[in-house]
Amino acid sequence: MLVKFYLNDTLVSYDVRPDEYLSETLRSHGIKSVKVGCNESTCGSCTLLLEGKPVMSCSVLTASIENKHVTTIEGIQEEAAKIAYHFAEEGADQCGFCNVGYALVVYALKKNIKNPTDEQINDYIVGNLCRCSGLHSQLKAIKAYLKEE
Ligand code: FES
Ligand code: FES
């Protein structure tokens, strides 16, 4: 079946299976920045933005997003570079597998909640796991990014 949606503001039309998930669709069309870890909605590595809100793309059927807007890391490159800077400054990245998902969640947090409390930050990133580092350095990096104008 053909599904049309906006990928980073460009209209695309992909032929997909009815049971195909968005992570699979995007990766099969070369968007390898979408990482797949658990493939069962528990790690957050496949996070992207759907209509501006973070979703786990391994649990979103591509057939369900007709005419919607999908944002991957390629669509927020300038902000992603700022986030990466703070993660590096705080030593918050090691293997890097979780970083793309974190960057998209943190970007959405900044856009959707002004001056979030620690509790709101923790609630926002609760679905994104990192197997390498403790959350402490990541929280410091996230707060530093949120302070930027
Ligand atoms: S790969 Fe989607 S949540 Fe883990
Ligand atoms: S840096 Fe390796 S999973 Fe997060």
# chains A, B, ... in the order shown; residues from 1 in each chain; ligands from 1
>>> closest_atom_pairs(of="chain A", to="ligand 1", cutoff="9 Å", atoms="only C-alpha atoms and all ligand atoms", output="CSV")
residue,atom,partner,partner_atom_place_in_ligand_line,distance
A:Ser23,CA,ligand 1,2 (Fe),7.7
A:Val34,CA,ligand 1,1 (S),8.9
A:Lys35,CA,ligand 1,1 (S),6.6
A:Val36,CA,ligand 1,1 (S),3.9
A:Gly37,CA,ligand 1,1 (S),4.0
A:Cys38,CA,ligand 1,4 (Fe),3.9
A:Asn39,CA,ligand 1,1 (S),3.7
A:Glu40,CA,ligand 1,3 (S),5.5
A:Ser41,CA,ligand 1,3 (S),3.4
A:Thr42,CA,ligand 1,3 (S),4.4
A:Cys43,CA,ligand 1,4 (Fe),3.8
A:Gly44,CA,ligand 1,3 (S),4.0
A:Ser45,CA,ligand 1,4 (Fe),5.2
A:Cys46,CA,ligand 1,2 (Fe),4.5
A:Thr47,CA,ligand 1,2 (Fe),6.7
A:Val55,CA,ligand 1,3 (S),8.7
A:Met56,CA,ligand 1,2 (Fe),5.1
A:Ser57,CA,ligand 1,2 (Fe),5.9
A:Cys58,CA,ligand 1,2 (Fe),4.3
A:Ser59,CA,ligand 1,2 (Fe),6.7
A:Gly127,CA,ligand 1,3 (S),7.8
A:Asn128,CA,ligand 1,3 (S),7.9
A:Leu129,CA,ligand 1,4 (Fe),8.8
>>> write_last_selection(atoms="C-alpha atoms", output="mmCIF file, in the first residue's frame")
data_model
loop_
_atom_site.group_PDB
_atom_site.id
_atom_site.type_symbol
_atom_site.label_atom_id
_atom_site.label_comp_id
_atom_site.auth_asym_id
_atom_site.auth_seq_id
_atom_site.Cartn_x
_atom_site.Cartn_y
_atom_site.Cartn_z
ATOM 1 C CA SER A 23 11.460 2.445 11.908
ATOM 2 C CA VAL A 34 16.787 5.811 13.199
ATOM 3 C CA LYS A 35 18.339 3.212 15.496
ATOM 4 C CA VAL A 36 16.585 0.006 16.441
ATOM 5 C CA GLY A 37 17.557 -1.524 19.756
ATOM 6 C CA CYS A 38 14.876 -3.545 21.533
ATOM 7 C CA ASN A 39 12.306 -3.317 18.702
ATOM 8 C CA GLU A 40 9.578 -3.625 21.339
ATOM 9 C CA SER A 41 8.953 -0.085 22.610
ATOM 10 C CA THR A 42 11.137 -0.170 25.674
ATOM 11 C CA CYS A 43 14.528 1.437 24.903
ATOM 12 C CA GLY A 44 13.735 4.644 23.006
ATOM 13 C CA SER A 45 16.619 4.375 20.561
ATOM 14 C CA CYS A 46 14.182 4.528 17.618
ATOM 15 C CA THR A 47 12.618 7.789 18.837
ATOM 16 C CA VAL A 55 7.241 8.513 19.544
ATOM 17 C CA MET A 56 8.959 5.160 19.383
ATOM 18 C CA SER A 57 8.977 4.435 15.690
ATOM 19 C CA CYS A 58 9.284 0.681 16.217
ATOM 20 C CA SER A 59 5.701 0.748 17.472
ATOM 21 C CA GLY A 127 11.413 6.159 27.841
ATOM 22 C CA ASN A 128 14.967 6.662 26.603
ATOM 23 C CA LEU A 129 17.538 4.309 28.054
#
>>> closest_atom_pairs(of="chain A", to="ligand 2", cutoff="9 Å", atoms="only C-alpha atoms and all ligand atoms", output="JSON lines")
{"residue": "A:Ser45", "atom": "CA", "partner": "ligand 2", "partner_atom_place_in_ligand_line": "3 (S)", "distance": 8.4}
{"residue": "A:Ala92", "atom": "CA", "partner": "ligand 2", "partner_atom_place_in_ligand_line": "1 (S)", "distance": 7.0}
{"residue": "A:Asp93", "atom": "CA", "partner": "ligand 2", "partner_atom_place_in_ligand_line": "1 (S)", "distance": 4.3}
{"residue": "A:Gln94", "atom": "CA", "partner": "ligand 2", "partner_atom_place_in_ligand_line": "1 (S)", "distance": 4.0}
{"residue": "A:Cys95", "atom": "CA", "partner": "ligand 2", "partner_atom_place_in_ligand_line": "2 (Fe)", "distance": 3.9}
{"residue": "A:Gly96", "atom": "CA", "partner": "ligand 2", "partner_atom_place_in_ligand_line": "1 (S)", "distance": 4.2}
{"residue": "A:Phe97", "atom": "CA", "partner": "ligand 2", "partner_atom_place_in_ligand_line": "3 (S)", "distance": 4.9}
{"residue": "A:Cys98", "atom": "CA", "partner": "ligand 2", "partner_atom_place_in_ligand_line": "4 (Fe)", "distance": 4.3}
{"residue": "A:Asn99", "atom": "CA", "partner": "ligand 2", "partner_atom_place_in_ligand_line": "4 (Fe)", "distance": 6.2}
{"residue": "A:Tyr102", "atom": "CA", "partner": "ligand 2", "partner_atom_place_in_ligand_line": "4 (Fe)", "distance": 8.9}
{"residue": "A:Leu129", "atom": "CA", "partner": "ligand 2", "partner_atom_place_in_ligand_line": "4 (Fe)", "distance": 7.0}
{"residue": "A:Cys130", "atom": "CA", "partner": "ligand 2", "partner_atom_place_in_ligand_line": "4 (Fe)", "distance": 3.7}
{"residue": "A:Arg131", "atom": "CA", "partner": "ligand 2", "partner_atom_place_in_ligand_line": "3 (S)", "distance": 4.3}
{"residue": "A:Cys132", "atom": "CA", "partner": "ligand 2", "partner_atom_place_in_ligand_line": "2 (Fe)", "distance": 4.3}
{"residue": "A:Ser133", "atom": "CA", "partner": "ligand 2", "partner_atom_place_in_ligand_line": "1 (S)", "distance": 6.2}
{"residue": "A:Gly134", "atom": "CA", "partner": "ligand 2", "partner_atom_place_in_ligand_line": "4 (Fe)", "distance": 8.9}
>>> write_last_selection(atoms="C-alpha atoms", output="compact mmCIF listing (two decimals), in the first residue's frame")
# COMPACT_ATOMS: atom_id res chain seq x y z
CA SER A 45 16.62 4.38 20.56
CA ALA A 92 27.40 11.91 28.51
CA ASP A 93 27.94 9.80 25.41
CA GLN A 94 29.94 6.65 25.04
CA CYS A 95 28.90 4.23 22.29
CA GLY A 96 26.44 6.84 20.97
CA PHE A 97 23.64 4.39 20.15
CA CYS A 98 21.10 6.20 22.31
CA ASN A 99 22.16 9.72 21.34
CA TYR A 102 17.89 11.54 23.22
CA LEU A 129 17.54 4.31 28.05
CA CYS A 130 21.31 4.42 27.91
CA ARG A 131 23.21 1.21 28.52
CA CYS A 132 26.60 2.90 28.83
CA SER A 133 26.39 5.80 31.21
CA GLY A 134 24.49 6.79 34.32
>>> closest_residue(among="A:Gly75, A:Val106, A:Lys68, A:Gln138", to="Gly91 (chain A)", atoms="only C-alpha atoms")
A:Gln138
>>> residues_around(residues="region 110-118 of chain A", least_positions_apart="4", cutoff="9 Å", atoms="only C-alpha atoms", output="ChimeraX atom specification")
/A:52-53,105-106,122-123,139,143,145-147
>>> write_last_selection(atoms="C-alpha atoms", output="PDB file, in the first residue's frame")
ATOM      1  CA  GLY A  52       6.284  17.347  16.905  1.00  0.00           C
ATOM      2  CA  LYS A  53       5.870  14.791  19.697  1.00  0.00           C
ATOM      3  CA  VAL A 105      13.419  13.975  22.884  1.00  0.00           C
ATOM      4  CA  VAL A 106      15.425  16.848  24.340  1.00  0.00           C
ATOM      5  CA  ASN A 122      12.860  13.097  34.000  1.00  0.00           C
ATOM      6  CA  ASP A 123       9.281  12.385  32.940  1.00  0.00           C
ATOM      7  CA  LEU A 139      20.881  15.361  32.888  1.00  0.00           C
ATOM      8  CA  LYS A 143      20.017  21.239  31.482  1.00  0.00           C
ATOM      9  CA  TYR A 145      21.206  22.811  26.456  1.00  0.00           C
ATOM     10  CA  LEU A 146      17.854  23.953  27.863  1.00  0.00           C
ATOM     11  CA  LYS A 147      19.535  27.070  29.240  1.00  0.00           C
TER      12      LYS A 147
END
>>> residues_around(residues="region 16-21 of chain A", least_positions_apart="3", cutoff="9 Å", atoms="only C-alpha atoms", output="PyMOL selection string")
chain A and resi 1-3+24-26+57-63
>>> select_by_dssp(residues="chain A", states="alpha helix (DSSP H)", output="count of residues only")
55
>>> atom_distance(atom1="CA of Glu149 (chain A)", atom2="CA of Glu79 (chain A)")
11.2 Å
>>> atom_distance(atom1="CA of Leu48 (chain A)", atom2="CA of Gly101 (chain A)")
6.7 Å
>>> residues_around(residues="region 5-11 of chain A", least_positions_apart="3", cutoff="9 Å", atoms="only C-alpha atoms", output="compact mmCIF listing (two decimals) with C-alpha atoms, in the first residue's frame")
# COMPACT_ATOMS: atom_id res chain seq x y z
CA TYR A 14 6.40 4.87 0.15
CA ILE A 65 0.68 8.25 9.50
CA GLU A 66 -0.84 9.35 6.19
CA ASN A 67 -0.27 13.11 5.70
CA LYS A 68 1.47 13.49 9.06
CA HIS A 69 4.82 15.15 9.73
CA VAL A 70 7.80 13.06 10.75
CA THR A 71 11.02 14.64 12.01
CA THR A 72 14.28 12.72 12.23
CA ILE A 73 17.65 14.00 13.37
CA GLU A 74 18.32 15.14 9.79
CA GLY A 75 15.52 17.67 10.25
CA ILE A 76 17.01 19.33 13.34
>>> atom_distance(atom1="CA of Ala103 (chain A)", atom2="CA of Leu22 (chain A)")
18.5 Å
>>> select_by_dssp(residues="chain A", states="strand (DSSP E or B)", output="PyMOL selection string")
chain A and resi 2-7+10-15+21+47-50+53-56+61+69-71
>>> write_last_selection(atoms="N, CA and C atoms", output="PDB file, in the first residue's frame")
ATOM      1  N   LEU A   2       0.368   2.303  -0.665  1.00  0.00           N
ATOM      2  CA  LEU A   2       1.134   3.546  -0.714  1.00  0.00           C
ATOM      3  C   LEU A   2       0.751   4.437   0.470  1.00  0.00           C
ATOM      4  N   VAL A   3       1.749   4.958   1.140  1.00  0.00           N
ATOM      5  CA  VAL A   3       1.503   5.890   2.239  1.00  0.00           C
ATOM      6  C   VAL A   3       2.302   7.163   1.971  1.00  0.00           C
ATOM      7  N   LYS A   4       1.617   8.295   2.059  1.00  0.00           N
ATOM      8  CA  LYS A   4       2.277   9.590   1.874  1.00  0.00           C
ATOM      9  C   LYS A   4       2.391  10.286   3.236  1.00  0.00           C
ATOM     10  N   PHE A   5       3.552  10.821   3.477  1.00  0.00           N
ATOM     11  CA  PHE A   5       3.725  11.631   4.689  1.00  0.00           C
ATOM     12  C   PHE A   5       4.874  12.602   4.470  1.00  0.00           C
ATOM     13  N   TYR A   6       5.030  13.528   5.400  1.00  0.00           N
ATOM     14  CA  TYR A   6       6.094  14.529   5.288  1.00  0.00           C
ATOM     15  C   TYR A   6       7.284  14.082   6.130  1.00  0.00           C
ATOM     16  N   LEU A   7       8.396  13.887   5.461  1.00  0.00           N
ATOM     17  CA  LEU A   7       9.619  13.504   6.154  1.00  0.00           C
ATOM     18  C   LEU A   7      10.543  14.719   6.163  1.00  0.00           C
ATOM     19  N   THR A  10       9.520  17.270   3.667  1.00  0.00           N
ATOM     20  CA  THR A  10       9.447  16.876   2.255  1.00  0.00           C
ATOM     21  C   THR A  10       8.408  15.767   2.117  1.00  0.00           C
ATOM     22  N   LEU A  11       7.474  15.950   1.192  1.00  0.00           N
ATOM     23  CA  LEU A  11       6.436  14.928   0.998  1.00  0.00           C
ATOM     24  C   LEU A  11       7.052  13.693   0.348  1.00  0.00           C
ATOM     25  N   VAL A  12       6.858  12.547   1.001  1.00  0.00           N
ATOM     26  CA  VAL A  12       7.357  11.289   0.434  1.00  0.00           C
ATOM     27  C   VAL A  12       6.181  10.327   0.288  1.00  0.00           C
ATOM     28  N   SER A  13       6.357   9.381  -0.588  1.00  0.00           N
ATOM     29  CA  SER A  13       5.322   8.367  -0.810  1.00  0.00           C
ATOM     30  C   SER A  13       6.021   7.021  -0.878  1.00  0.00           C
ATOM     31  N   TYR A  14       5.715   6.155   0.074  1.00  0.00           N
ATOM     32  CA  TYR A  14       6.401   4.873   0.152  1.00  0.00           C
ATOM     33  C   TYR A  14       5.398   3.723   0.055  1.00  0.00           C
ATOM     34  N   ASP A  15       5.831   2.698  -0.623  1.00  0.00           N
ATOM     35  CA  ASP A  15       5.038   1.478  -0.737  1.00  0.00           C
ATOM     36  C   ASP A  15       5.391   0.584   0.458  1.00  0.00           C
ATOM     37  N   TYR A  21       6.382  -1.266  10.377  1.00  0.00           N
ATOM     38  CA  TYR A  21       6.570  -0.184  11.340  1.00  0.00           C
ATOM     39  C   TYR A  21       7.459   0.920  10.748  1.00  0.00           C
ATOM     40  N   THR A  47      13.470   6.601  18.688  1.00  0.00           N
ATOM     41  CA  THR A  47      12.618   7.789  18.837  1.00  0.00           C
ATOM     42  C   THR A  47      12.743   8.734  17.652  1.00  0.00           C
ATOM     43  N   LEU A  48      11.619   9.248  17.214  1.00  0.00           N
ATOM     44  CA  LEU A  48      11.572  10.368  16.282  1.00  0.00           C
ATOM     45  C   LEU A  48      10.356  11.201  16.657  1.00  0.00           C
ATOM     46  N   LEU A  49      10.153  12.285  15.937  1.00  0.00           N
ATOM     47  CA  LEU A  49       9.022  13.150  16.266  1.00  0.00           C
ATOM     48  C   LEU A  49       7.920  12.945  15.237  1.00  0.00           C
ATOM     49  N   LEU A  50       6.710  12.735  15.748  1.00  0.00           N
ATOM     50  CA  LEU A  50       5.533  12.615  14.894  1.00  0.00           C
ATOM     51  C   LEU A  50       4.612  13.760  15.282  1.00  0.00           C
ATOM     52  N   LYS A  53       5.825  15.486  18.403  1.00  0.00           N
ATOM     53  CA  LYS A  53       5.870  14.791  19.697  1.00  0.00           C
ATOM     54  C   LYS A  53       6.725  13.516  19.567  1.00  0.00           C
ATOM     55  N   PRO A  54       7.537  13.221  20.587  1.00  0.00           N
ATOM     56  CA  PRO A  54       8.371  12.018  20.506  1.00  0.00           C
ATOM     57  C   PRO A  54       7.530  10.736  20.486  1.00  0.00           C
ATOM     58  N   VAL A  55       7.881   9.836  19.592  1.00  0.00           N
ATOM     59  CA  VAL A  55       7.241   8.513  19.544  1.00  0.00           C
ATOM     60  C   VAL A  55       8.331   7.476  19.308  1.00  0.00           C
ATOM     61  N   MET A  56       8.034   6.257  19.676  1.00  0.00           N
ATOM     62  CA  MET A  56       8.959   5.160  19.383  1.00  0.00           C
ATOM     63  C   MET A  56       8.547   4.571  18.048  1.00  0.00           C
ATOM     64  N   LEU A  61       2.776   2.090  13.235  1.00  0.00           N
ATOM     65  CA  LEU A  61       2.565   1.515  11.899  1.00  0.00           C
ATOM     66  C   LEU A  61       2.654   2.625  10.859  1.00  0.00           C
ATOM     67  N   HIS A  69       3.445  14.650   9.812  1.00  0.00           N
ATOM     68  CA  HIS A  69       4.821  15.155   9.729  1.00  0.00           C
ATOM     69  C   HIS A  69       5.750  14.355  10.634  1.00  0.00           C
ATOM     70  N   VAL A  70       6.802  13.829  10.030  1.00  0.00           N
ATOM     71  CA  VAL A  70       7.805  13.055  10.750  1.00  0.00           C
ATOM     72  C   VAL A  70       9.108  13.858  10.743  1.00  0.00           C
ATOM     73  N   THR A  71       9.721  13.955  11.921  1.00  0.00           N
ATOM     74  CA  THR A  71      11.019  14.637  12.009  1.00  0.00           C
ATOM     75  C   THR A  71      12.058  13.658  12.529  1.00  0.00           C
TER      76      THR A  71
END
